[in-house]
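K.L.:
Just so it is clear, I am handing over start-v8.cif, which has mmCIF, C-alpha atoms and all ligand atoms.
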```
data_model
loop_
_atom_site.label_atom_id
_atom_site.label_comp_id
_atom_site.auth_asym_id
_atom_site.auth_seq_id
_atom_site.Cartn_x
_atom_site.Cartn_y
_atom_site.Cartn_z
CA MET K 1 -28.01 -28.45 -44.67
CA ILE K 2 -29.32 -30.25 -41.60
CA ARG K 3 -25.77 -30.45 -40.27
CA VAL K 4 -25.29 -26.69 -40.65
CA PHE K 5 -28.61 -26.13 -38.92
CA LEU K 6 -27.67 -28.43 -36.03
CA ILE K 7 -24.26 -26.79 -35.57
CA SER K 8 -25.91 -23.37 -35.61
CA LEU K 9 -28.44 -24.56 -33.06
CA ILE K 10 -25.70 -25.90 -30.74
CA VAL K 11 -23.71 -22.67 -31.06
CA PHE K 12 -26.88 -20.70 -30.34
CA ILE K 13 -27.71 -22.76 -27.25
CA PHE K 14 -24.16 -22.58 -25.87
CA SER K 15 -23.81 -18.86 -26.40
CA ASN K 16 -27.09 -18.36 -24.56
CA VAL K 17 -26.04 -20.65 -21.75
CA ALA K 18 -22.92 -18.50 -21.36
CA LYS K 19 -25.04 -15.35 -21.29
CA THR K 20 -27.43 -16.65 -18.68
CA GLN K 21 -24.73 -17.64 -16.19
CA THR K 22 -25.84 -16.36 -12.79
CA ASN K 23 -23.67 -14.11 -10.63
CA GLU K 24 -23.31 -17.04 -8.21
CA GLU K 25 -21.91 -19.21 -11.01
CA ILE K 26 -19.58 -16.47 -12.21
CA SER K 27 -18.41 -15.93 -8.64
CA ALA K 28 -17.68 -19.65 -8.19
CA ASP K 29 -15.66 -19.70 -11.43
CA ILE K 30 -13.65 -16.67 -10.37
CA ILE K 31 -12.85 -18.15 -6.95
CA ARG K 32 -11.88 -21.58 -8.32
CA THR K 33 -9.67 -20.12 -11.07
CA ALA K 34 -7.91 -17.72 -8.69
CA LEU K 35 -7.22 -20.44 -6.12
CA GLU K 36 -6.14 -23.07 -8.64
CA ASP K 37 -3.96 -20.97 -10.91
CA ARG K 38 -2.42 -18.60 -8.31
CA ARG K 39 -1.42 -16.32 -11.14
CA GLY K 40 -1.31 -13.20 -8.97
CA TYR K 41 0.82 -14.97 -6.37
CA LYS K 42 3.31 -16.05 -9.06
CA TRP K 43 3.45 -12.47 -10.33
CA LEU K 44 4.08 -11.24 -6.80
CA GLU K 45 7.13 -13.48 -6.52
CA GLN K 46 8.52 -12.08 -9.79
CA LEU K 47 7.85 -8.53 -8.66
CA CYS K 48 9.49 -9.08 -5.27
CA ASP K 49 12.62 -10.41 -7.01
CA ILE K 50 13.15 -7.21 -9.00
CA GLY K 51 14.42 -4.96 -6.22
CA PRO K 52 13.42 -1.81 -4.31
CA ARG K 53 10.57 0.07 -5.98
CA LEU K 54 10.79 3.32 -4.03
CA SER K 55 10.06 6.14 -6.48
CA GLY K 56 13.11 7.18 -8.49
CA TYR K 57 15.07 4.02 -7.58
CA PRO K 58 16.62 2.26 -10.62
CA ASP K 59 14.73 -0.98 -9.92
CA SER K 60 11.41 0.91 -9.81
CA TYR K 61 11.76 1.38 -13.59
CA LYS K 62 12.45 -2.33 -14.08
CA ALA K 63 9.28 -3.05 -12.09
CA ILE K 64 7.29 -0.66 -14.29
CA GLU K 65 8.57 -2.45 -17.42
CA TRP K 66 7.70 -5.79 -15.83
CA ALA K 67 4.12 -4.69 -15.05
CA GLN K 68 3.64 -3.48 -18.61
CA SER K 69 4.85 -6.77 -20.04
CA VAL K 70 2.59 -8.78 -17.68
CA MET K 71 -0.41 -6.74 -18.84
CA HIS K 72 0.56 -7.20 -22.51
CA GLN K 73 0.98 -10.95 -22.02
CA ALA K 74 -2.45 -11.07 -20.35
CA ASN K 75 -3.87 -9.52 -23.53
CA PHE K 76 -5.44 -6.45 -21.99
CA ASP K 77 -7.14 -4.26 -24.61
CA SER K 78 -4.89 -1.31 -23.83
CA VAL K 79 -1.71 -0.85 -21.78
CA TRP K 80 -0.08 2.53 -21.29
CA LEU K 81 2.10 4.64 -19.00
CA GLN K 82 1.13 7.98 -17.53
CA PRO K 83 4.19 10.20 -16.97
CA VAL K 84 4.50 11.63 -13.42
CA MET K 85 7.27 13.63 -11.73
CA VAL K 86 8.16 11.85 -8.48
CA PRO K 87 10.41 12.58 -5.49
CA PHE K 88 13.70 10.71 -5.34
CA TRP K 89 14.98 10.18 -1.82
CA GLU K 90 17.76 7.65 -1.49
CA ARG K 91 18.73 5.83 1.69
CA GLY K 92 22.40 5.33 0.87
CA SER K 93 24.71 2.80 2.48
CA VAL K 94 25.50 4.42 5.83
CA GLU K 95 22.86 4.15 8.51
CA SER K 96 23.95 3.67 12.11
CA ALA K 97 23.46 4.81 15.67
CA LYS K 98 25.30 3.89 18.85
CA ILE K 99 25.57 4.87 22.49
CA ILE K 100 28.84 6.73 23.07
CA SER K 101 28.65 7.61 26.78
CA LYS K 102 31.05 5.87 29.13
CA GLY K 103 29.67 2.95 31.10
CA LYS K 104 27.97 -0.38 30.64
CA PHE K 105 26.27 0.57 27.36
CA LYS K 106 29.23 2.24 25.63
CA ASN K 107 29.45 1.39 21.91
CA GLN K 108 26.10 -0.39 22.01
CA GLU K 109 24.86 -0.30 18.41
CA LEU K 110 21.19 0.52 17.92
CA SER K 111 19.02 -0.92 15.15
CA VAL K 112 17.86 2.13 13.18
CA ALA K 113 16.57 3.08 9.72
CA ALA K 114 16.41 6.58 8.28
CA LEU K 115 12.87 7.84 7.90
CA GLY K 116 11.81 8.58 4.35
CA GLY K 117 12.73 12.10 3.35
CA SER K 118 15.24 12.60 6.17
CA ILE K 119 18.38 14.60 5.54
CA GLY K 120 21.65 12.78 6.17
CA THR K 121 24.48 13.70 8.51
CA ASN K 122 28.04 14.55 7.52
CA GLU K 123 30.64 11.76 7.56
CA ASP K 124 31.51 12.33 11.20
CA GLY K 125 27.89 11.94 12.18
CA ILE K 126 25.95 13.87 14.73
CA SER K 127 26.02 13.29 18.47
CA GLY K 128 24.11 14.59 21.42
CA VAL K 129 22.51 13.93 24.75
CA VAL K 130 19.24 12.03 24.41
CA VAL K 131 15.95 13.37 25.78
CA LYS K 132 13.16 10.82 25.96
CA ILE K 133 9.51 11.71 25.33
CA ASP K 134 6.92 9.04 26.17
CA SER K 135 4.00 10.72 24.44
CA PHE K 136 4.26 12.85 21.32
CA VAL K 137 2.24 15.72 22.81
CA HIS K 138 4.87 16.17 25.54
CA ILE K 139 7.20 17.76 22.97
CA ASN K 140 5.16 20.92 23.63
CA ASN K 141 5.86 20.96 27.38
CA GLN K 142 7.23 24.40 28.15
CA ASP K 143 9.88 23.24 30.62
CA LEU K 144 11.31 20.64 28.24
CA ASP K 145 14.88 21.44 27.19
CA VAL K 146 15.87 19.73 23.94
CA GLU K 147 18.17 22.40 22.57
CA ASN K 148 21.20 20.78 20.89
CA LYS K 149 19.96 17.39 22.02
CA ILE K 150 18.58 14.31 20.32
CA VAL K 151 14.87 13.76 20.92
CA PHE K 152 13.87 10.13 21.43
CA TYR K 153 10.12 9.74 20.81
CA ASN K 154 9.09 6.60 22.65
CA GLU K 155 5.28 6.61 22.42
CA PRO K 156 4.25 2.94 22.19
CA TYR K 157 1.88 1.44 19.67
CA ASP K 158 -1.38 0.79 21.56
CA GLN K 159 -1.55 -3.02 21.69
CA GLY K 160 -4.91 -2.84 23.47
CA LEU K 161 -6.78 -1.74 20.35
CA VAL K 162 -8.38 -4.35 18.09
CA ASN K 163 -8.26 -1.97 15.12
CA THR K 164 -4.56 -1.99 14.18
CA PHE K 165 -4.98 0.96 11.81
CA ALA K 166 -6.32 3.02 14.71
CA ALA K 167 -3.28 2.03 16.80
CA TYR K 168 -0.99 2.98 13.92
CA GLY K 169 -2.78 6.29 13.38
CA LYS K 170 -2.45 7.14 17.06
CA ALA K 171 1.30 6.51 17.26
CA VAL K 172 2.47 7.59 13.81
CA LYS K 173 2.42 11.35 14.45
CA GLN K 174 5.76 11.12 16.25
CA ARG K 175 7.19 9.76 12.98
CA THR K 176 5.52 12.18 10.55
CA ARG K 177 5.67 15.37 12.67
CA GLY K 178 8.42 14.56 15.18
CA ALA K 179 11.32 16.24 13.40
CA ILE K 180 9.39 19.50 12.85
CA GLU K 181 8.28 19.78 16.47
CA ALA K 182 11.72 18.88 17.85
CA ALA K 183 13.51 21.27 15.46
CA LYS K 184 11.22 24.12 16.58
CA ARG K 185 12.69 23.62 20.03
CA GLY K 186 16.28 23.53 18.75
CA ALA K 187 16.88 19.74 18.73
CA LEU K 188 19.73 18.20 16.69
CA ALA K 189 18.02 15.01 15.51
CA VAL K 190 15.20 12.61 16.35
CA ILE K 191 14.98 8.88 17.07
CA VAL K 192 11.45 7.50 16.75
CA ARG K 193 10.16 4.27 18.28
CA SER K 194 8.99 2.09 15.36
CA VAL K 195 5.25 2.08 14.84
CA THR K 196 4.65 -1.67 14.75
CA SER K 197 2.60 -4.37 16.43
CA LEU K 198 5.59 -6.71 16.60
CA ASN K 199 8.07 -6.65 19.48
CA ASP K 200 11.15 -7.43 17.42
CA ASN K 201 14.15 -5.22 16.70
CA VAL K 202 13.49 -4.43 13.04
CA PRO K 203 13.07 -0.70 12.45
CA HIS K 204 9.97 0.40 10.51
CA THR K 205 10.52 3.36 8.22
CA GLY K 206 7.94 5.61 6.56
CA ILE K 207 7.55 9.16 5.43
CA MET K 208 8.42 12.11 7.69
CA SER K 209 7.98 15.77 6.89
CA TYR K 210 9.83 19.04 7.21
CA ASN K 211 8.63 22.59 7.24
CA ASP K 212 10.65 24.99 5.06
CA THR K 213 10.70 27.69 7.74
CA ILE K 214 12.11 25.35 10.41
CA PRO K 215 15.59 23.77 10.34
CA LYS K 216 15.73 20.25 8.90
CA ILE K 217 17.14 17.65 11.28
CA PRO K 218 17.94 13.95 10.69
CA ALA K 219 15.30 11.40 11.72
CA VAL K 220 15.51 7.64 12.23
CA ALA K 221 13.19 4.86 13.36
CA ILE K 222 14.52 2.50 16.03
CA GLY K 223 13.61 -1.18 16.55
CA ILE K 224 11.32 -1.87 19.52
CA ARG K 225 13.87 -3.88 21.51
CA ASP K 226 16.49 -1.17 21.11
CA ALA K 227 13.92 1.46 22.06
CA GLU K 228 13.52 -0.49 25.30
CA LEU K 229 17.29 -0.84 25.65
CA LEU K 230 17.82 2.88 25.11
CA SER K 231 15.17 3.62 27.76
CA LEU K 232 16.87 1.24 30.19
CA ALA K 233 20.29 2.76 29.48
CA MET K 234 18.94 6.24 30.19
CA GLU K 235 17.35 5.09 33.45
CA THR K 236 20.58 3.35 34.47
CA GLN K 237 23.03 6.07 33.52
CA GLY K 238 21.06 9.28 33.57
CA VAL K 239 22.76 11.44 30.96
CA LEU K 240 23.33 9.42 27.81
CA LYS K 241 24.90 10.41 24.51
CA VAL K 242 24.17 8.84 21.14
CA GLU K 243 25.95 9.23 17.81
CA MET K 244 24.13 8.87 14.47
CA LYS K 245 25.50 8.56 10.93
CA LEU K 246 23.25 8.69 7.86
CA SER K 247 24.10 8.99 4.19
CA CYS K 248 20.53 9.41 2.92
CA VAL K 249 19.97 12.19 0.41
CA THR K 250 17.14 13.84 -1.50
CA HIS K 251 17.86 14.19 -5.24
CA GLU K 252 16.02 16.26 -7.83
CA PRO K 253 12.55 14.91 -8.72
CA LYS K 254 12.54 12.32 -11.51
CA LEU K 255 10.21 11.31 -14.28
CA SER K 256 8.33 8.09 -13.51
CA TYR K 257 5.01 6.54 -14.47
CA ASN K 258 1.65 5.20 -13.40
CA VAL K 259 1.08 1.88 -15.15
CA VAL K 260 -2.41 1.51 -16.64
CA GLY K 261 -4.12 -1.49 -18.25
CA GLU K 262 -7.69 -1.73 -19.52
CA ILE K 263 -10.42 -4.05 -20.75
CA PHE K 264 -12.92 -2.06 -22.77
CA GLY K 265 -16.59 -2.25 -21.83
CA GLU K 266 -18.96 -3.73 -24.38
CA LYS K 267 -22.01 -1.57 -23.66
CA HIS K 268 -20.69 1.55 -21.92
CA PRO K 269 -16.98 1.78 -22.73
CA GLU K 270 -16.92 5.43 -21.65
CA GLU K 271 -17.86 4.46 -18.08
CA ILE K 272 -14.80 3.36 -16.12
CA ILE K 273 -14.26 1.23 -13.03
CA VAL K 274 -10.77 1.56 -11.59
CA VAL K 275 -9.05 -1.11 -9.56
CA GLY K 276 -5.61 -0.33 -8.21
CA GLY K 277 -2.83 -0.27 -5.68
CA HIS K 278 0.40 1.68 -5.30
CA PHE K 279 3.45 0.42 -7.12
CA ASP K 280 6.12 2.09 -5.00
CA ALA K 281 7.25 0.55 -1.72
CA TRP K 282 9.72 1.30 1.03
CA ASP K 283 13.10 -0.16 0.23
CA LYS K 284 13.85 -2.29 3.30
CA GLY K 285 11.81 -5.39 2.42
CA HIS K 286 10.10 -6.48 -0.80
CA GLY K 287 7.03 -4.34 -0.25
CA ALA K 288 5.16 -7.64 -0.58
CA HIS K 289 2.10 -6.77 1.51
CA ASP K 290 2.56 -3.00 1.05
CA ASP K 291 1.66 -2.87 -1.72
CA GLY K 292 3.06 -5.37 -4.21
CA ALA K 293 0.19 -7.74 -3.43
CA GLY K 294 -2.46 -5.04 -3.93
CA CYS K 295 -0.95 -4.26 -7.35
CA VAL K 296 -0.86 -7.85 -8.58
CA GLN K 297 -4.39 -8.38 -7.21
CA ALA K 298 -5.52 -5.40 -9.31
CA ILE K 299 -3.85 -6.87 -12.41
CA GLU K 300 -5.42 -10.22 -11.59
CA VAL K 301 -8.92 -8.71 -11.52
CA LEU K 302 -8.63 -7.85 -15.22
CA ASP K 303 -6.83 -11.08 -15.99
CA LEU K 304 -9.56 -13.24 -14.40
CA ILE K 305 -12.31 -11.33 -16.20
CA LYS K 306 -10.43 -11.79 -19.46
CA ARG K 307 -9.60 -15.47 -19.02
CA LEU K 308 -13.12 -16.42 -17.95
CA ASP K 309 -14.31 -14.64 -21.09
CA LEU K 310 -16.65 -12.41 -19.14
CA LYS K 311 -17.54 -9.44 -21.29
CA PRO K 312 -17.89 -6.48 -18.95
CA SER K 313 -20.44 -3.83 -19.87
CA ARG K 314 -18.16 -1.07 -18.59
CA THR K 315 -14.44 -0.44 -18.99
CA ILE K 316 -12.30 -2.01 -16.26
CA ARG K 317 -9.06 -0.13 -15.71
CA CYS K 318 -6.17 -1.26 -13.54
CA VAL K 319 -4.01 1.61 -12.25
CA LEU K 320 -0.70 1.00 -10.48
CA PHE K 321 -0.06 4.37 -8.84
CA VAL K 322 3.53 5.49 -8.50
CA ASP K 323 4.72 7.31 -5.35
CA GLU K 324 1.99 6.82 -2.78
CA GLU K 325 4.47 6.62 0.07
CA GLN K 326 5.95 10.11 -0.23
CA ARG K 327 3.84 12.66 -2.10
CA GLN K 328 0.99 10.73 -3.76
CA SER K 329 2.16 12.33 -7.01
CA GLY K 330 0.83 9.39 -9.06
CA ALA K 331 -2.64 9.74 -7.55
CA HIS K 332 -2.69 13.52 -8.07
CA ALA K 333 -1.57 13.16 -11.68
CA TYR K 334 -4.18 10.49 -12.37
CA ALA K 335 -7.02 12.55 -10.88
CA ALA K 336 -5.87 15.62 -12.85
CA MET K 337 -5.77 13.62 -16.09
CA ILE K 338 -9.28 12.19 -15.77
CA ASP K 339 -10.55 15.66 -14.84
CA SER K 340 -9.06 17.24 -17.92
CA LEU K 341 -10.26 14.40 -20.18
CA LYS K 342 -13.66 14.48 -18.44
CA GLN K 343 -13.62 10.72 -18.04
CA THR K 344 -16.54 9.21 -16.12
CA HIS K 345 -15.54 6.99 -13.23
CA ILE K 346 -18.37 4.89 -11.85
CA ALA K 347 -16.34 3.38 -9.04
CA ALA K 348 -12.79 2.73 -7.86
CA ILE K 349 -11.41 -0.04 -5.65
CA GLU K 350 -8.04 0.19 -3.91
CA ALA K 351 -6.14 -2.68 -2.29
CA ASP K 352 -3.53 -1.30 0.12
CA ARG K 353 -3.95 -3.04 3.48
CA GLY K 354 -1.98 -6.23 2.89
CA ALA K 355 -2.91 -9.52 1.24
CA PHE K 356 -4.57 -11.19 4.20
CA MET K 357 -7.88 -13.03 4.43
CA PRO K 358 -10.69 -10.88 2.97
CA ARG K 359 -13.07 -9.36 5.53
CA GLY K 360 -14.99 -6.49 3.96
CA PHE K 361 -15.21 -3.47 1.70
CA SER K 362 -15.12 0.03 3.15
CA VAL K 363 -17.13 2.35 0.92
CA SER K 364 -17.29 6.09 0.52
CA ALA K 365 -20.62 6.67 -1.28
CA ASP K 366 -24.25 7.71 -0.81
CA SER K 367 -26.15 5.46 1.58
CA LEU K 368 -28.40 4.19 -1.23
CA VAL K 369 -25.35 3.04 -3.19
CA ILE K 370 -23.96 1.29 -0.13
CA GLU K 371 -27.33 -0.38 0.51
CA LYS K 372 -27.38 -1.66 -3.05
CA MET K 373 -23.86 -3.02 -2.72
CA GLN K 374 -24.82 -4.76 0.51
CA THR K 375 -27.34 -6.86 -1.45
CA TRP K 376 -24.31 -8.41 -3.21
CA LEU K 377 -22.92 -9.89 0.01
CA PRO K 378 -24.30 -13.39 -0.63
CA VAL K 379 -22.31 -13.53 -3.89
CA LEU K 380 -19.12 -12.33 -2.15
CA ARG K 381 -19.31 -14.37 1.05
CA GLU K 382 -17.50 -17.42 -0.25
CA THR K 383 -14.30 -15.34 -0.55
CA GLY K 384 -14.46 -14.44 3.15
CA ILE K 385 -16.12 -11.04 2.68
CA GLU K 386 -18.42 -10.50 5.66
CA TRP K 387 -19.45 -6.87 5.37
CA ILE K 388 -19.77 -3.81 3.17
CA ARG K 389 -20.06 -0.55 5.07
CA GLU K 390 -19.40 3.15 4.95
CA GLY K 391 -15.80 4.22 5.53
CA GLY K 392 -12.57 5.46 4.00
CA SER K 393 -11.39 3.98 0.69
CA GLY K 394 -7.71 4.37 -0.20
CA VAL K 395 -5.12 7.14 -0.38
CA ASP K 396 -4.73 6.98 -4.18
CA ILE K 397 -8.34 6.65 -5.31
CA SER K 398 -9.54 9.22 -2.77
CA LYS K 399 -8.30 11.92 -5.19
CA ILE K 400 -10.82 10.78 -7.85
CA LYS K 401 -13.79 13.17 -7.98
CA ASN K 402 -17.40 12.37 -8.88
CA ALA K 403 -17.18 8.57 -8.71
CA LYS K 404 -20.35 7.00 -7.33
CA ALA K 405 -18.35 4.75 -5.00
CA LEU K 406 -14.76 4.78 -3.74
CA ILE K 407 -14.03 1.43 -2.17
CA GLY K 408 -11.23 0.11 0.05
CA PHE K 409 -10.60 -3.62 0.14
CA VAL K 410 -10.27 -4.59 3.81
CA PRO K 411 -8.54 -7.86 4.64
CA ASP K 412 -7.85 -9.08 8.16
CA MET K 413 -5.70 -6.41 9.83
CA GLN K 414 -4.03 -8.16 12.77
CA ARG K 415 -0.64 -8.88 11.16
CA TYR K 416 -0.28 -5.94 8.77
CA PHE K 417 1.76 -3.73 11.10
CA ASP K 418 4.14 -6.59 11.93
CA TYR K 419 5.49 -6.15 8.38
CA HIS K 420 4.54 -2.64 7.24
CA HIS K 421 7.45 -0.46 5.98
CA SER K 422 10.13 -2.83 7.24
CA ALA K 423 12.55 -5.57 6.24
CA ASN K 424 9.84 -7.98 7.48
CA ASP K 425 7.62 -7.22 4.48
CA THR K 426 8.88 -10.02 2.23
CA PHE K 427 7.25 -12.40 -0.26
CA ASP K 428 7.26 -15.37 2.15
CA LYS K 429 4.90 -13.45 4.49
CA VAL K 430 2.11 -13.59 1.89
CA HIS K 431 -0.11 -16.66 1.94
CA PRO K 432 -1.17 -17.69 -1.58
CA ARG K 433 -4.71 -18.77 -0.69
CA GLU K 434 -5.47 -15.67 1.39
CA MET K 435 -4.08 -13.46 -1.34
CA GLU K 436 -5.99 -15.22 -4.13
CA LEU K 437 -9.26 -15.03 -2.19
CA GLY K 438 -8.64 -11.28 -2.04
CA SER K 439 -8.13 -11.17 -5.81
CA ALA K 440 -11.35 -13.15 -6.25
CA ALA K 441 -13.31 -10.85 -3.92
CA MET K 442 -12.12 -7.78 -5.84
CA THR K 443 -12.87 -9.42 -9.19
CA ILE K 444 -16.41 -10.36 -8.18
CA LEU K 445 -17.07 -6.87 -6.83
CA THR K 446 -15.64 -5.30 -10.01
CA TRP K 447 -17.86 -7.52 -12.14
CA LEU K 448 -20.97 -6.62 -10.12
CA LEU K 449 -20.13 -2.90 -10.32
CA SER K 450 -19.70 -3.21 -14.07
CA GLU K 451 -22.99 -5.03 -14.64
CA SER K 452 -25.20 -3.01 -12.26
CA ASP K 453 -26.45 0.54 -12.47
CA LEU K 454 -25.34 2.13 -9.23
ZN ZN K 501 0.63 1.05 1.17
#
```
Please go through the file and, once you have read it, give me the structure as structure tokens.
P.N.:
Amino acid sequence: MIRVFLISLIVFIFSNVAKTQTNEEISADIIRTALEDRRGYKWLEQLCDIGPRLSGYPDSYKAIEWAQSVMHQANFDSVWLQPVMVPFWERGSVESAKIISKGKFKNQELSVAALGGSIGTNEDGISGVVVKIDSFVHINNQDLDVENKIVFYNEPYDQGLVNTFAAYGKAVKQRTRGAIEAAKRGALAVIVRSVTSLNDNVPHTGIMSYNDTIPKIPAVAIGIRDAELLSLAMETQGVLKVEMKLSCVTHEPKLSYNVVGEIFGEKHPEEIIVVGGHFDAWDKGHGAHDDGAGCVQAIEVLDLIKRLDLKPSRTIRCVLFVDEEQRQSGAHAYAAMIDSLKQTHIAAIEADRGAFMPRGFSVSADSLVIEKMQTWLPVLRETGIEWIREGGSGVDISKIKNAKALIGFVPDMQRYFDYHHSANDTFDKVHPREMELGSAAMTILTWLLSESDL
């Protein structure tokens, strides 16, 4: 009898010790476990080995199966797929450009990559005289003659800016809008200087758009060194002709899926906190930083909460959004689903800025909510998080309506555009400790969101 009593007493004491763990202690456990086990980093390597995850690509379905099985193995309370129709643009095997004018540069191959969504050329390719434009806005100059020519947009990425996303945003219009504006003026094709902070010769792809009332023309990105070479060749020779061959093609939309995993809340299971990233990636590299890492970090948030036996009050839901890069169809479908089911989302966190050293959280919310979150900084600081402030969140979660806080995880941004959308974005570019500190920061924030009343 006494033995039973003593055992009961010990169980009682231990269960209460567990319950009275402070947020500081929970935070320390999360950080240590993430850094020691590197589970997310190991998952990232597996994911990067699967193959290109661009929406509609065969390997994107293998990746979706893989994510489901990881979530099942991690014992999430619920794992399911949300069907979504996605675009299917395929790069194909032919992708080349070369200078064909007589002279010193004849037959000089140029390092190019078709922009996402571009039409291809026929087998003979397309050729024309190149017209260079040093700033995107100059395409509107009235005296510019680009009819039946190839427009070469050569606006540089502004290396003088500290904020690399601002530099990207400034230069990326020539990629997204360049073909439309050039086609309005009768151009044959466009070549776009890669929007990157690195001065190598690797082309950086990304989405471009067409307008249905304007002819569609092929569009490629060119590596920075070859952009310089092309400029030099034009200065040296004056009139210069380039030939381009592309076999990229847009197929019919395909059925794909958002991958969703959940841990049910103990007190308020109907109140949801989403943590996510986008599961598609451009095909040239592994999509390691963009956004394989963000996805495995989101899975790791639930996994750490589960393994440390934290019992969240609210439901924690990991969403791997399909097709962020082209149409955001996964994000639209998710937002429509939670609208129709009238699901309550307290907050959402998106990781889509690379897996570098944590710096802050950018929050779209009322100022009182942000002020409350700022009181959590002491608990987050050990991960590297220095600030929580008002700002944009993430492309996918921004479609969610009525959440109290939409939050973007912001790691250090200096190297992101070295890799972004290019063959440089491979697994070896991700540092395990930096990535795991990011997972820990997101896990701690998720826990605090779950246990507080915003
Ligand atoms: Zn991304």
K.L.:
Considering all atoms listed in the file, return as number ranges by chain whatever protein or nucleic-acid residues lie within 12 Å of K:Glu147, sequence-local ones (same chain, fewer than 2 positions apart) excluded.
P.N.:
K: 128-131, 139, 143-145, 149-151, 181-190
K.L.:
Those residues you just picked out, can you put them in a file as a short mmCIF file (atom, residue, chain, number, x, y, z; two decimals), keeping the file's coordinate frame with C-alpha atoms?
P.N.:
```cif
data_model
loop_
_atom_site.label_atom_id
_atom_site.label_comp_id
_atom_site.auth_asym_id
_atom_site.auth_seq_id
_atom_site.Cartn_x
_atom_site.Cartn_y
_atom_site.Cartn_z
CA GLY K 128 24.11 14.59 21.42
CA VAL K 129 22.51 13.93 24.75
CA VAL K 130 19.24 12.03 24.41
CA VAL K 131 15.95 13.37 25.78
CA ILE K 139 7.20 17.76 22.97
CA ASP K 143 9.88 23.24 30.62
CA LEU K 144 11.31 20.64 28.24
CA ASP K 145 14.88 21.44 27.19
CA LYS K 149 19.96 17.39 22.02
CA ILE K 150 18.58 14.31 20.32
CA VAL K 151 14.87 13.76 20.92
CA GLU K 181 8.28 19.78 16.47
CA ALA K 182 11.72 18.88 17.85
CA ALA K 183 13.51 21.27 15.46
CA LYS K 184 11.22 24.12 16.58
CA ARG K 185 12.69 23.62 20.03
CA GLY K 186 16.28 23.53 18.75
CA ALA K 187 16.88 19.74 18.73
CA LEU K 188 19.73 18.20 16.69
CA ALA K 189 18.02 15.01 15.51
CA VAL K 190 15.20 12.61 16.35
#
```
K.L.:
Closest to K:Glu228 among K:Val259, K:Leu44, K:Leu110, K:Ala288, using all atoms listed in the file?
P.N.:
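Among K:Val259, K:Leu44, K:Leu110, K:Ala288, it is K:Leu110 that comes nearest to K:Glu228.
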K.L.:
Identify, on the basis of all atoms listed in the file, every residue whose closest approach to K:Met71 does not exceed 9 Å; exclude the query and any residue fewer than 2 positions from it along the same chain; express the result as a list in words.
P.N.:
Trp66, Ala67, Gln68, Ser69, Gln73, Ala74, Asn75, Phe76, Ser78, Val79, Val260, Gly261, Glu262, Ile299 and Asp303 of chain K
K.L.:
Show which residues sit within 9 Å of K:Asp428, as a CSV table (one decimal) with C-alpha atoms, in the coordinates of the input. Count only C-alpha atoms, and ignore same-chain residues fewer than 3 positions away.
P.N.:
```csv
chain,number,residue,atom,x,y,z
K,45,GLU,CA,7.1,-13.5,-6.5
K,288,ALA,CA,5.2,-7.6,-0.6
K,425,ASP,CA,7.6,-7.2,4.5
K,431,HIS,CA,-0.1,-16.7,1.9
```
K.L.:
With the cut-off set at 9 Å and counting only C-alpha atoms and all ligand atoms, tabulate each residue of chain K with an atom at most that distance from an atom of ligand ZN 501 (chain K), showing the nearest atom pair and its distance in Å to one decimal, ordered by chain and increasing number, as JSON lines.
P.N.:
```
{"residue": "K:Gly277", "atom": "CA", "partner": "K:ZN501", "partner_atom": "ZN", "distance": 7.8}
{"residue": "K:His278", "atom": "CA", "partner": "K:ZN501", "partner_atom": "ZN", "distance": 6.5}
{"residue": "K:Phe279", "atom": "CA", "partner": "K:ZN501", "partner_atom": "ZN", "distance": 8.8}
{"residue": "K:Asp280", "atom": "CA", "partner": "K:ZN501", "partner_atom": "ZN", "distance": 8.3}
{"residue": "K:Ala281", "atom": "CA", "partner": "K:ZN501", "partner_atom": "ZN", "distance": 7.2}
{"residue": "K:Gly287", "atom": "CA", "partner": "K:ZN501", "partner_atom": "ZN", "distance": 8.5}
{"residue": "K:His289", "atom": "CA", "partner": "K:ZN501", "partner_atom": "ZN", "distance": 8.0}
{"residue": "K:Asp290", "atom": "CA", "partner": "K:ZN501", "partner_atom": "ZN", "distance": 4.5}
{"residue": "K:Asp291", "atom": "CA", "partner": "K:ZN501", "partner_atom": "ZN", "distance": 5.0}
{"residue": "K:Gly292", "atom": "CA", "partner": "K:ZN501", "partner_atom": "ZN", "distance": 8.7}
{"residue": "K:Gly294", "atom": "CA", "partner": "K:ZN501", "partner_atom": "ZN", "distance": 8.5}
{"residue": "K:Glu324", "atom": "CA", "partner": "K:ZN501", "partner_atom": "ZN", "distance": 7.1}
{"residue": "K:Glu325", "atom": "CA", "partner": "K:ZN501", "partner_atom": "ZN", "distance": 6.9}
{"residue": "K:Ala351", "atom": "CA", "partner": "K:ZN501", "partner_atom": "ZN", "distance": 8.5}
{"residue": "K:Asp352", "atom": "CA", "partner": "K:ZN501", "partner_atom": "ZN", "distance": 4.9}
{"residue": "K:Arg353", "atom": "CA", "partner": "K:ZN501", "partner_atom": "ZN", "distance": 6.6}
{"residue": "K:Gly354", "atom": "CA", "partner": "K:ZN501", "partner_atom": "ZN", "distance": 7.9}
{"residue": "K:Val395", "atom": "CA", "partner": "K:ZN501", "partner_atom": "ZN", "distance": 8.5}
{"residue": "K:His420", "atom": "CA", "partner": "K:ZN501", "partner_atom": "ZN", "distance": 8.1}
{"residue": "K:His421", "atom": "CA", "partner": "K:ZN501", "partner_atom": "ZN", "distance": 8.5}
```
